[in-house]
$ cat input-v4.pdb   # PDB, C-alpha atoms and all ligand atoms
ATOM      1  CA  MET A   1      10.665  -9.569 -24.206  1.00  0.00           C
ATOM      2  CA  PHE A   2      11.482  -5.895 -23.475  1.00  0.00           C
ATOM      3  CA  PRO A   3      10.519  -3.138 -24.143  1.00  0.00           C
ATOM      4  CA  LEU A   4       6.817  -3.543 -23.263  1.00  0.00           C
ATOM      5  CA  VAL A   5       4.429  -0.777 -24.272  1.00  0.00           C
ATOM      6  CA  ALA A   6       1.001  -0.099 -22.724  1.00  0.00           C
ATOM      7  CA  THR A   7      -1.525   2.697 -22.350  1.00  0.00           C
ATOM      8  CA  ILE A   8      -2.445   3.604 -18.780  1.00  0.00           C
ATOM      9  CA  PRO A   9      -5.865   5.019 -17.682  1.00  0.00           C
ATOM     10  CA  THR A  10      -4.604   8.611 -18.141  1.00  0.00           C
ATOM     11  CA  ASP A  11      -4.127   7.760 -21.849  1.00  0.00           C
ATOM     12  CA  GLN A  12      -0.372   8.103 -21.449  1.00  0.00           C
ATOM     13  CA  ARG A  13       2.037   5.696 -23.103  1.00  0.00           C
ATOM     14  CA  LEU A  14       3.955   3.568 -20.616  1.00  0.00           C
ATOM     15  CA  ILE A  15       7.190   1.874 -21.614  1.00  0.00           C
ATOM     16  CA  ILE A  16       8.714  -0.866 -19.484  1.00  0.00           C
ATOM     17  CA  ARG A  17      12.304  -1.611 -20.450  1.00  0.00           C
ATOM     18  CA  GLU A  18      15.501  -2.997 -18.988  1.00  0.00           C
ATOM     19  CA  ALA A  19      17.584  -0.400 -17.176  1.00  0.00           C
ATOM     20  CA  VAL A  20      20.932   0.539 -18.728  1.00  0.00           C
ATOM     21  CA  ALA A  21      24.007   2.049 -17.054  1.00  0.00           C
ATOM     22  CA  SER A  22      23.162   5.541 -18.326  1.00  0.00           C
ATOM     23  CA  ASP A  23      19.903   5.397 -16.273  1.00  0.00           C
ATOM     24  CA  ALA A  24      21.931   5.437 -13.033  1.00  0.00           C
ATOM     25  CA  ALA A  25      21.384   9.132 -12.217  1.00  0.00           C
ATOM     26  CA  ASP A  26      17.644   8.942 -12.940  1.00  0.00           C
ATOM     27  CA  VAL A  27      17.309   5.754 -10.900  1.00  0.00           C
ATOM     28  CA  LEU A  28      19.046   7.328  -7.889  1.00  0.00           C
ATOM     29  CA  LEU A  29      16.853  10.434  -8.165  1.00  0.00           C
ATOM     30  CA  HIS A  30      13.754   8.236  -8.465  1.00  0.00           C
ATOM     31  CA  LEU A  31      14.661   6.214  -5.361  1.00  0.00           C
ATOM     32  CA  LYS A  32      15.306   9.385  -3.348  1.00  0.00           C
ATOM     33  CA  THR A  33      12.008  10.891  -4.515  1.00  0.00           C
ATOM     34  CA  VAL A  34       9.890   7.838  -3.660  1.00  0.00           C
ATOM     35  CA  GLY A  35      11.869   7.422  -0.424  1.00  0.00           C
ATOM     36  CA  ALA A  36      10.595  10.865   0.588  1.00  0.00           C
ATOM     37  CA  GLU A  37       7.031  10.116  -0.532  1.00  0.00           C
ATOM     38  CA  THR A  38       6.399   7.020   1.575  1.00  0.00           C
ATOM     39  CA  ASP A  39       7.401   5.417   4.874  1.00  0.00           C
ATOM     40  CA  PHE A  40       6.773   1.930   3.506  1.00  0.00           C
ATOM     41  CA  LEU A  41      10.281   1.529   2.097  1.00  0.00           C
ATOM     42  CA  SER A  42      13.208   0.324   4.199  1.00  0.00           C
ATOM     43  CA  PHE A  43      15.119   3.506   3.354  1.00  0.00           C
ATOM     44  CA  ALA A  44      14.761   7.278   3.531  1.00  0.00           C
ATOM     45  CA  PRO A  45      16.427   9.509   0.908  1.00  0.00           C
ATOM     46  CA  LYS A  46      19.456  10.073   3.157  1.00  0.00           C
ATOM     47  CA  ASP A  47      20.028   6.304   3.369  1.00  0.00           C
ATOM     48  CA  ILE A  48      20.757   6.076  -0.349  1.00  0.00           C
ATOM     49  CA  LYS A  49      24.517   6.450  -0.240  1.00  0.00           C
ATOM     50  CA  ARG A  50      25.302   4.602  -3.440  1.00  0.00           C
ATOM     51  CA  SER A  51      27.471   6.567  -5.893  1.00  0.00           C
ATOM     52  CA  LEU A  52      26.537   7.078  -9.517  1.00  0.00           C
ATOM     53  CA  GLU A  53      29.279   4.630 -10.472  1.00  0.00           C
ATOM     54  CA  SER A  54      28.101   1.883  -8.123  1.00  0.00           C
ATOM     55  CA  GLN A  55      24.487   2.343  -9.275  1.00  0.00           C
ATOM     56  CA  ALA A  56      25.633   2.019 -12.892  1.00  0.00           C
ATOM     57  CA  LYS A  57      27.646  -1.096 -11.934  1.00  0.00           C
ATOM     58  CA  LEU A  58      24.614  -2.630 -10.227  1.00  0.00           C
ATOM     59  CA  ILE A  59      22.570  -2.130 -13.380  1.00  0.00           C
ATOM     60  CA  THR A  60      25.317  -3.548 -15.617  1.00  0.00           C
ATOM     61  CA  GLU A  61      25.675  -6.587 -13.346  1.00  0.00           C
ATOM     62  CA  SER A  62      21.923  -7.140 -13.503  1.00  0.00           C
ATOM     63  CA  GLN A  63      22.021  -7.070 -17.298  1.00  0.00           C
ATOM     64  CA  ALA A  64      24.793  -9.671 -17.325  1.00  0.00           C
ATOM     65  CA  ALA A  65      23.335 -12.089 -14.759  1.00  0.00           C
ATOM     66  CA  ASP A  66      20.781 -14.687 -15.866  1.00  0.00           C
ATOM     67  CA  ASN A  67      19.006 -14.514 -12.487  1.00  0.00           C
ATOM     68  CA  HIS A  68      18.791 -10.730 -12.042  1.00  0.00           C
ATOM     69  CA  LEU A  69      16.382  -8.234 -13.598  1.00  0.00           C
ATOM     70  CA  TYR A  70      16.407  -4.423 -13.402  1.00  0.00           C
ATOM     71  CA  ILE A  71      13.493  -2.781 -15.213  1.00  0.00           C
ATOM     72  CA  VAL A  72      12.192   0.766 -15.324  1.00  0.00           C
ATOM     73  CA  ALA A  73       8.816   2.267 -16.272  1.00  0.00           C
ATOM     74  CA  GLU A  74       8.875   5.437 -18.356  1.00  0.00           C
ATOM     75  CA  ILE A  75       6.261   7.988 -19.396  1.00  0.00           C
ATOM     76  CA  ASN A  76       7.320  10.800 -21.746  1.00  0.00           C
ATOM     77  CA  HIS A  77      10.977   9.904 -21.078  1.00  0.00           C
ATOM     78  CA  GLN A  78      10.482  10.352 -17.308  1.00  0.00           C
ATOM     79  CA  LEU A  79      11.296   7.432 -15.046  1.00  0.00           C
ATOM     80  CA  VAL A  80       8.081   6.847 -13.050  1.00  0.00           C
ATOM     81  CA  GLY A  81       8.747   3.366 -11.671  1.00  0.00           C
ATOM     82  CA  GLY A  82      11.344   0.668 -11.184  1.00  0.00           C
ATOM     83  CA  LEU A  83      11.731  -2.955 -10.126  1.00  0.00           C
ATOM     84  CA  HIS A  84      14.946  -4.704  -9.156  1.00  0.00           C
ATOM     85  CA  PHE A  85      14.977  -8.500  -8.735  1.00  0.00           C
ATOM     86  CA  ARG A  86      18.062 -10.263  -7.478  1.00  0.00           C
ATOM     87  CA  GLY A  87      18.488 -14.014  -7.579  1.00  0.00           C
ATOM     88  CA  GLN A  88      20.762 -15.450  -4.932  1.00  0.00           C
ATOM     89  CA  ASP A  89      24.398 -16.336  -5.631  1.00  0.00           C
ATOM     90  CA  ARG A  90      24.932 -19.929  -4.510  1.00  0.00           C
ATOM     91  CA  PRO A  91      24.049 -22.914  -6.705  1.00  0.00           C
ATOM     92  CA  ARG A  92      21.477 -24.278  -4.249  1.00  0.00           C
ATOM     93  CA  THR A  93      19.557 -20.986  -3.969  1.00  0.00           C
ATOM     94  CA  ARG A  94      20.187 -19.117  -7.214  1.00  0.00           C
ATOM     95  CA  HIS A  95      16.746 -20.165  -8.546  1.00  0.00           C
ATOM     96  CA  SER A  96      15.120 -17.859  -5.976  1.00  0.00           C
ATOM     97  CA  GLY A  97      15.416 -14.192  -5.217  1.00  0.00           C
ATOM     98  CA  THR A  98      13.715 -11.079  -3.929  1.00  0.00           C
ATOM     99  CA  PHE A  99      12.644  -7.810  -5.476  1.00  0.00           C
ATOM    100  CA  GLY A 100      11.932  -4.212  -4.583  1.00  0.00           C
ATOM    101  CA  ILE A 101       9.426  -2.041  -6.434  1.00  0.00           C
ATOM    102  CA  THR A 102       8.755   1.708  -6.499  1.00  0.00           C
ATOM    103  CA  VAL A 103       6.329   3.949  -8.379  1.00  0.00           C
ATOM    104  CA  LEU A 104       6.250   7.752  -8.107  1.00  0.00           C
ATOM    105  CA  LYS A 105       3.316   8.826  -5.926  1.00  0.00           C
ATOM    106  CA  ASP A 106       1.732  10.928  -8.700  1.00  0.00           C
ATOM    107  CA  TYR A 107       1.336   7.677 -10.651  1.00  0.00           C
ATOM    108  CA  TRP A 108       0.000   5.350  -7.941  1.00  0.00           C
ATOM    109  CA  GLY A 109      -3.204   3.460  -8.667  1.00  0.00           C
ATOM    110  CA  LEU A 110      -2.768   3.458 -12.459  1.00  0.00           C
ATOM    111  CA  GLY A 111      -1.691  -0.170 -12.758  1.00  0.00           C
ATOM    112  CA  ILE A 112       2.024   0.569 -13.228  1.00  0.00           C
ATOM    113  CA  GLY A 113       3.066  -1.570 -10.241  1.00  0.00           C
ATOM    114  CA  HIS A 114       0.894  -4.380 -11.605  1.00  0.00           C
ATOM    115  CA  LYS A 115       2.527  -4.172 -15.033  1.00  0.00           C
ATOM    116  CA  LEU A 116       6.051  -4.119 -13.579  1.00  0.00           C
ATOM    117  CA  ILE A 117       5.421  -7.278 -11.520  1.00  0.00           C
ATOM    118  CA  GLU A 118       3.623  -8.984 -14.403  1.00  0.00           C
ATOM    119  CA  ALA A 119       6.745  -8.311 -16.490  1.00  0.00           C
ATOM    120  CA  LEU A 120       8.943  -9.806 -13.746  1.00  0.00           C
ATOM    121  CA  ILE A 121       6.772 -12.950 -13.630  1.00  0.00           C
ATOM    122  CA  LYS A 122       6.862 -13.389 -17.429  1.00  0.00           C
ATOM    123  CA  TRP A 123      10.629 -12.845 -17.471  1.00  0.00           C
ATOM    124  CA  ALA A 124      11.044 -15.399 -14.633  1.00  0.00           C
ATOM    125  CA  GLN A 125       8.901 -17.959 -16.495  1.00  0.00           C
ATOM    126  CA  ARG A 126      11.125 -17.574 -19.561  1.00  0.00           C
ATOM    127  CA  SER A 127      14.421 -17.361 -17.672  1.00  0.00           C
ATOM    128  CA  GLY A 128      14.896 -21.110 -17.341  1.00  0.00           C
ATOM    129  CA  VAL A 129      16.511 -20.355 -13.973  1.00  0.00           C
ATOM    130  CA  ILE A 130      14.048 -18.681 -11.616  1.00  0.00           C
ATOM    131  CA  ARG A 131      11.609 -20.992  -9.801  1.00  0.00           C
ATOM    132  CA  LYS A 132      10.613 -18.787  -6.876  1.00  0.00           C
ATOM    133  CA  ILE A 133      10.031 -15.052  -6.354  1.00  0.00           C
ATOM    134  CA  ASN A 134      10.073 -13.784  -2.780  1.00  0.00           C
ATOM    135  CA  LEU A 135       9.316 -10.424  -1.222  1.00  0.00           C
ATOM    136  CA  LYS A 136       8.848  -8.730   2.105  1.00  0.00           C
ATOM    137  CA  VAL A 137       6.206  -6.063   2.702  1.00  0.00           C
ATOM    138  CA  ARG A 138       5.253  -4.046   5.770  1.00  0.00           C
ATOM    139  CA  SER A 139       2.090  -5.554   7.227  1.00  0.00           C
ATOM    140  CA  ASP A 140       0.203  -2.232   7.013  1.00  0.00           C
ATOM    141  CA  ASN A 141       1.148  -1.540   3.363  1.00  0.00           C
ATOM    142  CA  HIS A 142      -2.336  -2.494   2.159  1.00  0.00           C
ATOM    143  CA  ARG A 143      -1.906  -1.188  -1.377  1.00  0.00           C
ATOM    144  CA  ALA A 144       1.190  -3.323  -1.940  1.00  0.00           C
ATOM    145  CA  LEU A 145      -0.297  -6.388  -0.168  1.00  0.00           C
ATOM    146  CA  ARG A 146      -3.387  -6.229  -2.367  1.00  0.00           C
ATOM    147  CA  LEU A 147      -1.267  -5.853  -5.494  1.00  0.00           C
ATOM    148  CA  TYR A 148       0.899  -8.880  -4.626  1.00  0.00           C
ATOM    149  CA  GLU A 149      -2.124 -11.033  -3.739  1.00  0.00           C
ATOM    150  CA  THR A 150      -3.877 -10.071  -6.988  1.00  0.00           C
ATOM    151  CA  LEU A 151      -0.808 -11.340  -8.845  1.00  0.00           C
ATOM    152  CA  GLY A 152      -0.846 -14.683  -7.013  1.00  0.00           C
ATOM    153  CA  PHE A 153       1.702 -14.147  -4.252  1.00  0.00           C
ATOM    154  CA  ILE A 154       0.957 -16.185  -1.112  1.00  0.00           C
ATOM    155  CA  ARG A 155       1.595 -15.046   2.468  1.00  0.00           C
ATOM    156  CA  GLU A 156       4.256 -17.434   3.757  1.00  0.00           C
ATOM    157  CA  GLY A 157       5.113 -15.940   7.124  1.00  0.00           C
ATOM    158  CA  CYS A 158       5.851 -12.905   9.185  1.00  0.00           C
ATOM    159  CA  ILE A 159       9.020 -11.356  10.598  1.00  0.00           C
ATOM    160  CA  CYS A 160       7.903  -9.458  13.662  1.00  0.00           C
ATOM    161  CA  ARG A 161       9.491  -6.093  14.534  1.00  0.00           C
ATOM    162  CA  GLU A 162      11.725  -6.158  11.473  1.00  0.00           C
ATOM    163  CA  TYR A 163      11.007  -2.527  10.726  1.00  0.00           C
ATOM    164  CA  CYS A 164      11.421   0.395  13.136  1.00  0.00           C
ATOM    165  CA  LEU A 165      10.392   3.953  12.408  1.00  0.00           C
ATOM    166  CA  ALA A 166      10.328   6.776  14.978  1.00  0.00           C
ATOM    167  CA  GLY A 167      10.452   4.244  17.822  1.00  0.00           C
ATOM    168  CA  GLN A 168       7.504   2.255  16.474  1.00  0.00           C
ATOM    169  CA  PHE A 169       7.984  -1.355  15.373  1.00  0.00           C
ATOM    170  CA  TYR A 170       6.275  -2.864  12.343  1.00  0.00           C
ATOM    171  CA  ASP A 171       6.065  -6.454  11.118  1.00  0.00           C
ATOM    172  CA  ASN A 172       7.148  -7.581   7.665  1.00  0.00           C
ATOM    173  CA  VAL A 173       5.012 -10.114   5.806  1.00  0.00           C
ATOM    174  CA  CYS A 174       6.967 -12.650   3.702  1.00  0.00           C
ATOM    175  CA  MET A 175       5.254 -13.517   0.437  1.00  0.00           C
ATOM    176  CA  GLY A 176       6.206 -15.801  -2.403  1.00  0.00           C
ATOM    177  CA  LEU A 177       5.261 -16.957  -5.881  1.00  0.00           C
ATOM    178  CA  GLU A 178       6.343 -20.305  -7.296  1.00  0.00           C
ATOM    179  CA  ILE A 179       7.373 -20.284 -10.954  1.00  0.00           C
ATOM    180  CA  ASP A 180       6.628 -23.575 -12.764  1.00  0.00           C
TER     181      ASP A 180
HETATM  182  C1  LIG A 201       3.185  -0.345  -3.883  1.00  0.00           C
HETATM  183  C2  LIG A 201       3.312   0.322  -5.238  1.00  0.00           C
HETATM  184  C3  LIG A 201       4.548  -0.212  -5.947  1.00  0.00           C
HETATM  185  C4  LIG A 201       2.069  -0.026  -6.058  1.00  0.00           C
HETATM  186  O1  LIG A 201       2.193   0.568  -7.334  1.00  0.00           O
HETATM  187  P1  LIG A 201       0.886   1.117  -8.112  1.00  0.00           P
HETATM  188  O2  LIG A 201       1.313   1.443  -9.485  1.00  0.00           O
HETATM  189  O3  LIG A 201       0.227   2.157  -7.319  1.00  0.00           O
HETATM  190  O4  LIG A 201      -0.006  -0.244  -8.116  1.00  0.00           O
HETATM  191  P2  LIG A 201      -1.254  -0.598  -9.017  1.00  0.00           P
HETATM  192  O5  LIG A 201      -1.958   0.645  -9.452  1.00  0.00           O
HETATM  193  O6  LIG A 201      -0.796  -1.530 -10.088  1.00  0.00           O
HETATM  194  O7  LIG A 201      -2.133  -1.452  -8.001  1.00  0.00           O
HETATM  195  C5  LIG A 201      -2.473  -0.968  -6.738  1.00  0.00           C
HETATM  196  C6  LIG A 201      -3.534  -1.868  -6.134  1.00  0.00           C
HETATM  197  O8  LIG A 201      -3.800  -1.450  -4.805  1.00  0.00           O
HETATM  198  C7  LIG A 201      -5.198  -1.123  -4.666  1.00  0.00           C
HETATM  199  N1  LIG A 201      -5.249  -0.054  -3.693  1.00  0.00           N
HETATM  200  C8  LIG A 201      -5.069   1.263  -3.895  1.00  0.00           C
HETATM  201  N2  LIG A 201      -5.142   1.912  -2.706  1.00  0.00           N
HETATM  202  C9  LIG A 201      -5.361   0.974  -1.753  1.00  0.00           C
HETATM  203  C10 LIG A 201      -5.521   0.997  -0.353  1.00  0.00           C
HETATM  204  N3  LIG A 201      -5.452   2.142   0.344  1.00  0.00           N
HETATM  205  N4  LIG A 201      -5.725  -0.181   0.303  1.00  0.00           N
HETATM  206  C11 LIG A 201      -5.778  -1.352  -0.377  1.00  0.00           C
HETATM  207  N5  LIG A 201      -5.614  -1.446  -1.724  1.00  0.00           N
HETATM  208  C12 LIG A 201      -5.418  -0.285  -2.394  1.00  0.00           C
HETATM  209  C13 LIG A 201      -5.627  -0.747  -6.055  1.00  0.00           C
HETATM  210  O9  LIG A 201      -7.024  -0.870  -6.177  1.00  0.00           O
HETATM  211  C14 LIG A 201      -4.854  -1.773  -6.878  1.00  0.00           C
HETATM  212  O10 LIG A 201      -5.445  -3.040  -6.773  1.00  0.00           O
HETATM  213  P3  LIG A 201      -6.248  -3.692  -8.018  1.00  0.00           P
HETATM  214  O11 LIG A 201      -5.252  -3.788  -9.137  1.00  0.00           O
HETATM  215  O12 LIG A 201      -6.662  -5.020  -7.501  1.00  0.00           O
HETATM  216  O13 LIG A 201      -7.361  -2.732  -8.300  1.00  0.00           O
HETATM  217  C15 LIG A 201       3.395   1.876  -5.116  1.00  0.00           C
HETATM  218  O14 LIG A 201       2.261   2.322  -4.418  1.00  0.00           O
HETATM  219  C16 LIG A 201       4.644   2.355  -4.400  1.00  0.00           C
HETATM  220  O15 LIG A 201       5.688   2.561  -5.007  1.00  0.00           O
HETATM  221  N6  LIG A 201       4.541   2.555  -3.078  1.00  0.00           N
HETATM  222  C17 LIG A 201       5.672   3.052  -2.295  1.00  0.00           C
HETATM  223  C18 LIG A 201       6.789   2.038  -2.240  1.00  0.00           C
HETATM  224  C19 LIG A 201       6.298   0.692  -1.760  1.00  0.00           C
HETATM  225  O16 LIG A 201       5.450   0.577  -0.878  1.00  0.00           O
HETATM  226  N7  LIG A 201       6.890  -0.346  -2.362  1.00  0.00           N
HETATM  227  C20 LIG A 201       6.572  -1.716  -2.020  1.00  0.00           C
HETATM  228  C21 LIG A 201       7.358  -2.089  -0.844  1.00  0.00           C
HETATM  229  S1  LIG A 201       7.090  -3.820  -0.449  1.00  0.00           S
END

$ encode --input "input-v4.pdb" --output "structure tokens"
Amino acid sequence: MFPLVATIPTDQRLIIREAVASDAADVLLHLKTVGAETDFLSFAPKDIKRSLESQAKLITESQAADNHLYIVAEINHQLVGGLHFRGQDRPRTRHSGTFGITVLKDYWGLGIGHKLIEALIKWAQRSGVIRKINLKVRSDNHRALRLYETLGFIREGCICREYCLAGQFYDNVCMGLEID
């Protein structure tokens, strides 16, 4: 089902495709950039300690696994967004997994996050394996909460104080989407 091509409101051509090992350097740079642009992620740029080789391995493993998906969003050959879904390992839980999503700040509000998650949902529906998509989001990340709710994710619970930044605690909201 990949690549997917769309035009965003700026009239730019957006391509959503599966990540390949040679994207590793761009993916690491992207994560460090977005990590510096927002406090809503569980990591700051300095927390990304993964080597180029282990990032490439992660992408290759995702390509090989039937319950993992690593996709990137590109405009003019620049990586502007990414989504990494990981199904669990054990037989009793491998039908469910969680994902992380990032879009470069310059491109927020253009529907790229929406398109990435829509692609994940379509892939999950066709996977024959995935029956549940889970995520965790900081309770004050209103942009992300609205996006997930628009796409049908339901609030399932809350993990209080899971997140701590500069001595301030934040709650994480658990959300989920059933795939039938
Ligand atoms: C969250 C994120 C992935 C969303 O990507 P995006 O491309 O900006 O998302 P979209 O443009 O598809 O949709 C954003 C939605 O939020 C809405 N929105 C924008 N600003 C908002 C705000 N301040 N409060 C509430 N909703 C807001 C938009 O109207 C849109 O909703 P709609 O589609 O119903 O109109 C992106 O902002 C990001 O990478 N943030 C930093 C990392 C992050 O928070 N990741 C998620 C961690 S759980």

$ closest_atom_pairs --input "input-v4.pdb" --of "chain A" --to "ligand LIG 201 (chain A)" --cutoff "8 Å" --atoms "all atoms listed in the file" --output "tab-separated table"
residue	atom	partner	partner_atom	distance
A:Val34	CA	A:LIG201	C17	6.5
A:Gly35	CA	A:LIG201	C18	7.6
A:Glu37	CA	A:LIG201	C17	7.4
A:Thr38	CA	A:LIG201	C17	5.6
A:Asp39	CA	A:LIG201	C17	7.7
A:Phe40	CA	A:LIG201	O16	4.8
A:Leu41	CA	A:LIG201	C21	5.5
A:Gly81	CA	A:LIG201	O15	7.4
A:Gly100	CA	A:LIG201	C21	6.3
A:Ile101	CA	A:LIG201	N7	5.1
A:Thr102	CA	A:LIG201	O15	3.5
A:Val103	CA	A:LIG201	O15	3.7
A:Leu104	CA	A:LIG201	O15	6.1
A:Lys105	CA	A:LIG201	O14	6.8
A:Tyr107	CA	A:LIG201	O2	6.3
A:Trp108	CA	A:LIG201	O3	3.3
A:Gly109	CA	A:LIG201	O5	3.2
A:Leu110	CA	A:LIG201	O5	4.2
A:Gly111	CA	A:LIG201	O6	3.1
A:Ile112	CA	A:LIG201	O2	3.9
A:Gly113	CA	A:LIG201	O2	3.6
A:His114	CA	A:LIG201	O6	3.6
A:Lys115	CA	A:LIG201	O6	6.5
A:Leu135	CA	A:LIG201	S1	7.0
A:Lys136	CA	A:LIG201	S1	5.8
A:Val137	CA	A:LIG201	S1	4.0
A:Arg138	CA	A:LIG201	S1	6.5
A:Asn141	CA	A:LIG201	O16	6.4
A:His142	CA	A:LIG201	C11	4.4
A:Arg143	CA	A:LIG201	N5	3.7
A:Ala144	CA	A:LIG201	C1	4.1
A:Leu145	CA	A:LIG201	N5	7.4
A:Arg146	CA	A:LIG201	N5	5.3
A:Leu147	CA	A:LIG201	C6	4.6
A:Thr150	CA	A:LIG201	O12	5.8

$ resolve_selection --input "input-v4.pdb" --expression "the PyMOL selection byres (((chain A and resi 161) around 12) and not hetatm)" --output "VMD selection string"
chain A and resid 138 to 139 158 to 160 162 to 165 167 to 173

$ atom_distance --input "input-v4.pdb" --atom1 "atom CA of Phe99 of chain A" --atom2 "atom CA of Ile130 of chain A"
12.6 Å

$ closest_residue --input "input-v4.pdb" --among "A:Val20, A:Met1, A:Lys57, A:Thr98" --to "Gln125 of chain A" --atoms "only C-alpha atoms"
A:Met1

$ residues_near_point --input "input-v4.pdb" --point "(5.9, 7.9, -22.2)" --cutoff "6 Å" --atoms "all atoms listed in the file" --output "number ranges by chain"
A: 13-14, 74-77

$ atom_distance --input "input-v4.pdb" --atom1 "atom CA of Ala124 of chain A" --atom2 "atom CA of Arg155 of chain A"
19.5 Å

$ closest_residue --input "input-v4.pdb" --among "A:Ala36, A:Leu31, A:Ala64, A:Ala21" --to "Leu83 of chain A" --atoms "only C-alpha atoms"
A:Leu31

$ atom_distance --input "input-v4.pdb" --atom1 "atom CA of Val80 of chain A" --atom2 "atom CA of Phe43 of chain A"
18.2 Å

$ build_atoms --input "input-v4.pdb" --residues "segment 30-44 of chain A" --atoms "N, CA, C and O atoms" --output "PDB file, in the coordinates of the input"
ATOM      1  N   HIS A  30      15.064   8.870  -8.651  1.00  0.00           N
ATOM      2  CA  HIS A  30      13.754   8.236  -8.465  1.00  0.00           C
ATOM      3  C   HIS A  30      13.650   7.614  -7.066  1.00  0.00           C
ATOM      4  O   HIS A  30      12.659   7.810  -6.353  1.00  0.00           O
ATOM      5  N   LEU A  31      14.691   6.879  -6.673  1.00  0.00           N
ATOM      6  CA  LEU A  31      14.661   6.214  -5.361  1.00  0.00           C
ATOM      7  C   LEU A  31      14.591   7.238  -4.233  1.00  0.00           C
ATOM      8  O   LEU A  31      13.853   7.063  -3.251  1.00  0.00           O
ATOM      9  N   LYS A  32      15.333   8.333  -4.380  1.00  0.00           N
ATOM     10  CA  LYS A  32      15.306   9.385  -3.348  1.00  0.00           C
ATOM     11  C   LYS A  32      13.930  10.049  -3.305  1.00  0.00           C
ATOM     12  O   LYS A  32      13.418  10.362  -2.221  1.00  0.00           O
ATOM     13  N   THR A  33      13.331  10.248  -4.465  1.00  0.00           N
ATOM     14  CA  THR A  33      12.008  10.891  -4.515  1.00  0.00           C
ATOM     15  C   THR A  33      10.958  10.006  -3.845  1.00  0.00           C
ATOM     16  O   THR A  33      10.215  10.453  -2.965  1.00  0.00           O
ATOM     17  N   VAL A  34      10.910   8.726  -4.252  1.00  0.00           N
ATOM     18  CA  VAL A  34       9.890   7.838  -3.660  1.00  0.00           C
ATOM     19  C   VAL A  34      10.194   7.618  -2.171  1.00  0.00           C
ATOM     20  O   VAL A  34       9.273   7.543  -1.356  1.00  0.00           O
ATOM     21  N   GLY A  35      11.483   7.574  -1.832  1.00  0.00           N
ATOM     22  CA  GLY A  35      11.869   7.422  -0.424  1.00  0.00           C
ATOM     23  C   GLY A  35      11.319   8.540   0.440  1.00  0.00           C
ATOM     24  O   GLY A  35      11.046   8.347   1.630  1.00  0.00           O
ATOM     25  N   ALA A  36      11.153   9.727  -0.159  1.00  0.00           N
ATOM     26  CA  ALA A  36      10.595  10.865   0.588  1.00  0.00           C
ATOM     27  C   ALA A  36       9.070  10.864   0.549  1.00  0.00           C
ATOM     28  O   ALA A  36       8.427  11.546   1.344  1.00  0.00           O
ATOM     29  N   GLU A  37       8.491  10.092  -0.363  1.00  0.00           N
ATOM     30  CA  GLU A  37       7.031  10.116  -0.532  1.00  0.00           C
ATOM     31  C   GLU A  37       6.304   9.090   0.319  1.00  0.00           C
ATOM     32  O   GLU A  37       5.083   9.152   0.453  1.00  0.00           O
ATOM     33  N   THR A  38       7.041   8.104   0.821  1.00  0.00           N
ATOM     34  CA  THR A  38       6.399   7.020   1.575  1.00  0.00           C
ATOM     35  C   THR A  38       7.292   6.547   2.712  1.00  0.00           C
ATOM     36  O   THR A  38       8.516   6.648   2.627  1.00  0.00           O
ATOM     37  N   ASP A  39       6.655   6.038   3.769  1.00  0.00           N
ATOM     38  CA  ASP A  39       7.401   5.417   4.874  1.00  0.00           C
ATOM     39  C   ASP A  39       7.442   3.897   4.723  1.00  0.00           C
ATOM     40  O   ASP A  39       7.970   3.202   5.578  1.00  0.00           O
ATOM     41  N   PHE A  40       6.869   3.386   3.647  1.00  0.00           N
ATOM     42  CA  PHE A  40       6.773   1.930   3.506  1.00  0.00           C
ATOM     43  C   PHE A  40       8.050   1.286   2.987  1.00  0.00           C
ATOM     44  O   PHE A  40       8.148   0.062   2.937  1.00  0.00           O
ATOM     45  N   LEU A  41       9.016   2.096   2.568  1.00  0.00           N
ATOM     46  CA  LEU A  41      10.281   1.529   2.097  1.00  0.00           C
ATOM     47  C   LEU A  41      11.244   1.389   3.275  1.00  0.00           C
ATOM     48  O   LEU A  41      11.099   2.073   4.293  1.00  0.00           O
ATOM     49  N   SER A  42      12.244   0.549   3.112  1.00  0.00           N
ATOM     50  CA  SER A  42      13.208   0.324   4.199  1.00  0.00           C
ATOM     51  C   SER A  42      14.269   1.422   4.240  1.00  0.00           C
ATOM     52  O   SER A  42      15.198   1.352   5.021  1.00  0.00           O
ATOM     53  N   PHE A  43      14.120   2.437   3.382  1.00  0.00           N
ATOM     54  CA  PHE A  43      15.119   3.506   3.354  1.00  0.00           C
ATOM     55  C   PHE A  43      14.444   4.870   3.207  1.00  0.00           C
ATOM     56  O   PHE A  43      13.350   4.991   2.628  1.00  0.00           O
ATOM     57  N   ALA A  44      15.126   5.881   3.756  1.00  0.00           N
ATOM     58  CA  ALA A  44      14.761   7.278   3.531  1.00  0.00           C
ATOM     59  C   ALA A  44      15.755   7.824   2.500  1.00  0.00           C
ATOM     60  O   ALA A  44      16.793   7.193   2.249  1.00  0.00           O
TER      61      ALA A  44
END
